[in-house]
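Inspection log for the structure reproduced underneath, given as structure tokens.
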Amino acid sequence: MERVEFITESPDSGDGVSTKSMMLNMGPQHPATHGVLRIVLHLDGEIVVKAVPYIGYLHRGIEKLCENITYQQCLPYTDRMDYLAAICNNIGFILTVEKLLGIEDEIPERAKVAEVILFELGRIESHMVGIGTHALDLGAMTAFFYCFKERERIYDILELVCGARLTTSYPRVGGLPLDLPEDFEEKIRNFLKIFPETIDEVDKLLTRNKIWVNRTKGVAYISAEDAINLGLSGPNLRGSGVPHDLRKSNPYLDYDKYDFEIPVGTDGDAYSRYLCRMEEMRQSVKIIEQAINNLPDGPYAADLPEIVLPKKELVYTKMESLIRHFVLVYEGLKPPVGEVYHGVENPKGELGYYLVSDGTAKPYRMRVRGPSFVNMQAIAQMVKGAFLADVITAIGSLDIVLGEIDR
Amino acid sequence: MSVDSDSVIGSIRSQFESSIYKTYSFRDETTLFVKKESFLKFCRSLKQDFKFTYVIDITAVDYLDIRVPRYEMVYLFHRFGDDYDENIRIRIKVELEDSDITIDSITPIWSGANWLEREVLDMFGIEFRGHPDPRRILMPEDYKPHPLRKDFDVRNRQPSKESFEKELKEGFE
Amino acid sequence: MNSSLGGDGFLTTTINYIANWGRKNSLWPMPFGTACCAIEMMGAFASRYDISRFGAEVARFSPRQADLMIVSGTITYKLASVCRRIYDQMPNPKWVIAMGSCTCGGGPFDSYAVVQGIDEFLPVDVYVGGCPPRPEALIDAIMKIQKKIENEGAPII
């Protein structure tokens, strides 16, 4: 839906020409807004004088809904925030609840390594859409198809692991709900063989493509200082030259044991952020390689009867397990009174969960710090004084997802 | 790590002895309770003297019937350090009485606080003095209640419906 | 060829049938994607599922050039009036697919901001359940719409 209105007529500035500034409404239904973002642009000719974003068109009240259900029931809602990398949201939430319960040290190694693999798959999955749709918006359609081809491969792996393609709801508090499937390792190794070729193909299509470079280089610039001040995170912050990554700075899931680098851009423009994302995927491949080589055997869930559901075959055969299962499902797990914040490095930036527990099975307050929500603030500054067409580049390079902005 | 988090928090506490009236620690996360009157001054110093340049999150909690004062503002700040190697985090809380739910805005200090504060305004109805753009952010502008307050029912769709019907009748802005 | 056309190069049919046949095989969807389902819809348009095999790949983001609206993703009350307005802008004849549980009946979001089913304000032709439905389900829905169009007897011009 687009509508044009002429709003103000500025008086003759002395050269005999009077100009009109124009207000252009972009969105909420617009192919390049990645969902239902609405931006009102004030234009002087083709130059953006001011951009005012309006959000909330997808506000579903997830935070409020989660206050009324148990911790385990919150998990499916976390899928539906950043649905491009649902598995990362799941793992972030699970880690927060584990921190609240104080059981981080009891999680078995196999579960942790599996979560790292899935987390990095989620990162690749999200960057594939981020780059694919960004390229699509700027007119490079082929890259979109290449990216989605790879996404389908990741979907296949996720489907094998948890039965769902997009909304995974996979790990549980205390570990994994089921052991990894038998051919998991083989599938991952296959993927690792094929995937770097696709990155190279996308790289060939875009990185030195004259049109792509012209449309992204020097566009949507943000300085390191402004990026920090605005609270940007993820590739948007690193593209401006700030080497901040929670996997290194506040490690979780034993990320400090893996050997990988944090790509940092230098220019702070859309091209720099694109290069960061490309390199991040290569680093993710490196992490997955290390993880799959060190995937240990052994238990996949912690031995904590008050928190982890008993195995299904025991529920059907043992009375005690049946009672435990019933109590855990019916009453839920009860963390101690307290509050925790835990941030994970989602593909889009820092995803933080802030949980306040009053000792009952339902979170008293669940706050989600969506990275896109904070990143989105930068749009007004990025497009000020730029061309109208650069607004599309700016939105694409911020790599936003509206489910997370509005929640 | 050049400085550890305890020493930074210790020096903050000693400098603002009169403003900080409670500290609380749970799962290695320290929370400082700051008096509302000196909050803005405290924040300025936090950014300038203690180099907490990065605001992570701003939110609020409604303790209806559980605690007095009813509202609590929660701020989370991050300090990178000179070579991005310190990564110290601190949580600041300000308690707000039900009778006076206004607080100084920190958007002039950290511009990233802008939308986060607007969200709190939208969801809890807490007003921010000195905020450059105090409008609702997620709900429609003619929407009246504040959904995340504990006395609002999650299934209360009536106000949303009214705003929708009004918009249908009058057309899209 | 000649024998199948009655030997004389002619073919008899009704104008309704031929118009419906043309319409059903060249649906121009207007993807109204908001949330998770939109990603599966993109999946249906992309390499593996390739919706163009069913003649429905010409996605038009302008409602004035479309005849099939695929509403995929949660619709909130704030968005509902936009959705209705876009529907009104589409020329007749037009069809609507409600993709995903949220559009069918609110899905998991029984909350203060979410419309409990888009049929509160839009006429829906095909409902696709699932959270989110797989691309196959969307393709099936398009085939159902095609069947529906085939049997439509309303005045066509």
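Residue names in the structure tokens use chain letters A, B, ... in the order shown, residue numbers from 1 in each chain, and ligand numbers from 1 in the order shown.
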Write down as a ChimeraX atom specification the residues belonging to region 195-296 of chain A that are assigned alpha helix (DSSP H) by DSSP computed on the backbone. /A:195-206,210-216,224-230,235-238,246-249,270-293
For Arg91 (chain B), work out the shell of residues within 7 Å, counting only C-alpha atoms and skipping chain neighbours fewer than 3 positions away, then give it as a VMD selection string. chain B and resid 30 to 32 74 to 77
Give as a PyMOL selection string every residue of chain A that touches chain B within 9 Å, counting only C-alpha atoms. chain A and resi 54-59+61+63-65+68+99-100+102+226-232+242-244+249-250+338-341+350+352+356+364-365+367+369+373-375+377-378+406
As a PDB file with C-alpha atoms, in the first residue's frame, please: the residues near region 139-147 of chain C (cut-off 10 Å, only C-alpha atoms, same-chain neighbours under 4 positions excluded).
ATOM      1  CA  ASN C  20     -12.283 -20.448 -16.148  1.00  0.00           C
ATOM      2  CA  TRP C  21      -9.685 -22.679 -17.749  1.00  0.00           C
ATOM      3  CA  ARG C  23      -8.004 -18.137 -15.151  1.00  0.00           C
ATOM      4  CA  LYS C  24      -7.189 -21.183 -13.142  1.00  0.00           C
ATOM      5  CA  ASN C  25      -3.890 -21.756 -14.891  1.00  0.00           C
ATOM      6  CA  SER C  26      -2.653 -18.211 -14.631  1.00  0.00           C
ATOM      7  CA  LEU C  27      -3.338 -17.156 -11.086  1.00  0.00           C
ATOM      8  CA  PRO C  29      -0.961 -14.212  -6.360  1.00  0.00           C
ATOM      9  CA  MET C  41       5.513 -19.214   1.151  1.00  0.00           C
ATOM     10  CA  ALA C  44       7.064 -22.487  -2.196  1.00  0.00           C
ATOM     11  CA  PHE C  45       8.160 -19.832  -4.681  1.00  0.00           C
ATOM     12  CA  TYR C  49       8.920 -26.444  -4.688  1.00  0.00           C
ATOM     13  CA  ASP C  50       8.640 -23.992  -7.565  1.00  0.00           C
ATOM     14  CA  ILE C  51       5.051 -22.885  -7.619  1.00  0.00           C
ATOM     15  CA  ARG C  53       4.638 -25.447 -12.232  1.00  0.00           C
ATOM     16  CA  PHE C  54       1.056 -24.578 -11.330  1.00  0.00           C
ATOM     17  CA  GLY C  55       0.979 -21.311 -13.201  1.00  0.00           C
ATOM     18  CA  ALA C  56       0.965 -19.186 -10.098  1.00  0.00           C
ATOM     19  CA  LEU C  68      -5.345 -14.432  -5.515  1.00  0.00           C
ATOM     20  CA  ILE C  70      -2.360 -15.427   0.042  1.00  0.00           C
ATOM     21  CA  TRP C  95      -9.831 -15.493  -4.186  1.00  0.00           C
ATOM     22  CA  VAL C  96      -8.263 -15.669  -0.741  1.00  0.00           C
ATOM     23  CA  ILE C  97      -6.098 -18.364   0.814  1.00  0.00           C
ATOM     24  CA  ALA C  98      -5.713 -18.233   4.599  1.00  0.00           C
ATOM     25  CA  MET C  99      -2.331 -19.835   5.148  1.00  0.00           C
ATOM     26  CA  ASP C 125     -11.866 -19.573   0.028  1.00  0.00           C
ATOM     27  CA  VAL C 126      -9.302 -22.076   1.262  1.00  0.00           C
ATOM     28  CA  TYR C 127      -7.938 -22.548   4.763  1.00  0.00           C
ATOM     29  CA  VAL C 128      -4.530 -24.162   5.195  1.00  0.00           C
ATOM     30  CA  ARG C 134       4.666 -26.934   4.487  1.00  0.00           C
ATOM     31  CA  PRO C 135       5.017 -25.577   0.944  1.00  0.00           C
ATOM     32  CA  ASN C 151     -16.512 -25.070 -11.503  1.00  0.00           C
ATOM     33  CA  GLU C 152     -17.380 -21.441 -11.148  1.00  0.00           C
TER      34      GLU C 152
END
Expected answer as a list in words: chain C residues within 10 Å of chain B, only C-alpha atoms: Thr76, Tyr77, Lys78, Leu79, Ala80, Ser81, Val82, Arg84, Arg85, Phe109, Asp110, Ser111, Tyr112, Ala113, Val114, Val115 and Gln116 of chain C
Please write the residues from the selection above to a file, keeping C-alpha atoms, as a short mmCIF file (atom, residue, chain, number, x, y, z; two decimals), in the first residue's frame.
data_model
loop_
_atom_site.label_atom_id
_atom_site.label_comp_id
_atom_site.auth_asym_id
_atom_site.auth_seq_id
_atom_site.Cartn_x
_atom_site.Cartn_y
_atom_site.Cartn_z
CA THR C 76 -3.15 -8.28 14.30
CA TYR C 77 -5.90 -5.73 14.74
CA LYS C 78 -3.46 -2.99 13.85
CA LEU C 79 -2.80 -4.69 10.52
CA ALA C 80 -6.35 -5.88 9.85
CA SER C 81 -7.57 -2.64 8.32
CA VAL C 82 -4.58 -2.64 5.96
CA ARG C 84 -9.00 -5.38 4.31
CA ARG C 85 -8.06 -2.34 2.26
CA PHE C 109 -1.76 -16.33 19.87
CA ASP C 110 -4.90 -16.05 21.94
CA SER C 111 -3.96 -12.54 23.00
CA TYR C 112 -5.15 -8.98 23.15
CA ALA C 113 -3.72 -7.90 19.79
CA VAL C 114 -4.37 -10.79 17.42
CA VAL C 115 -7.41 -11.29 15.20
CA GLN C 116 -8.82 -14.76 15.86
#
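Closest approach to chain A from the set C:Ile15, C:Ala59, C:Met30, C:Ala35 is made by C:Ala35, with distances taken over only C-alpha atoms.
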Please find the residues of chain A near chain C - the criterion being any atom within 8 Å, counting only C-alpha atoms - and write them as a ChimeraX atom specification. /A:1,28-31,35-36,56-62,65,80,83-84,144-146,148-149,152,166-167,402-403
What lies within 9 Å of Ala291 (chain A) using only C-alpha atoms, ignoring chain neighbours under 2 positions off, as a list in words?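 Neighbouring residues, sequence-local ones excluded: Val113, Ala114, Val116, Ile117, Tyr258, Lys286, Ile287, Ile288, Glu289, Asn293, Asn294 and Leu295 of chain A.
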So which residues touch region 261-276 of chain A within 7 Å, counting only C-alpha atoms, skipping near sequence neighbours fewer than 5 positions away, as a CSV table (one decimal) with C-alpha atoms, in the first residue's frame?
chain,number,residue,atom,x,y,z
A,213,VAL,CA,28.9,-2.9,-5.3
A,216,THR,CA,25.8,-1.1,-1.4
A,217,LYS,CA,29.2,0.5,-1.1
A,218,GLY,CA,29.1,3.7,0.9
A,219,VAL,CA,25.4,3.4,1.4
A,220,ALA,CA,23.6,3.3,4.7
A,221,TYR,CA,26.8,4.3,6.6
A,222,ILE,CA,27.0,4.2,10.3
A,223,SER,CA,30.1,5.0,12.3
A,235,PRO,CA,26.9,-8.0,12.0
A,236,ASN,CA,25.5,-4.4,12.0
A,238,ARG,CA,30.8,-5.5,13.6
A,239,GLY,CA,30.3,-4.1,10.1
A,240,SER,CA,31.3,-0.7,11.7
A,241,GLY,CA,34.5,-2.1,13.1
A,242,VAL,CA,33.5,-3.0,16.6
A,243,PRO,CA,34.8,-6.6,17.4
A,283,GLN,CA,33.4,-19.3,10.3
A,394,ALA,CA,19.4,0.1,4.3
A,397,SER,CA,21.5,-4.6,5.0
What's the separation between CA of Gln48 (chain B) and CA of Lys384 (chain A), in Å to one decimal place?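 Distance reported for this atom pair: 27.9 Å.
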What is the distance between CA of Leu136 (chain A) and CA of Gly396 (chain A), in Å to one decimal? 9.5 Å
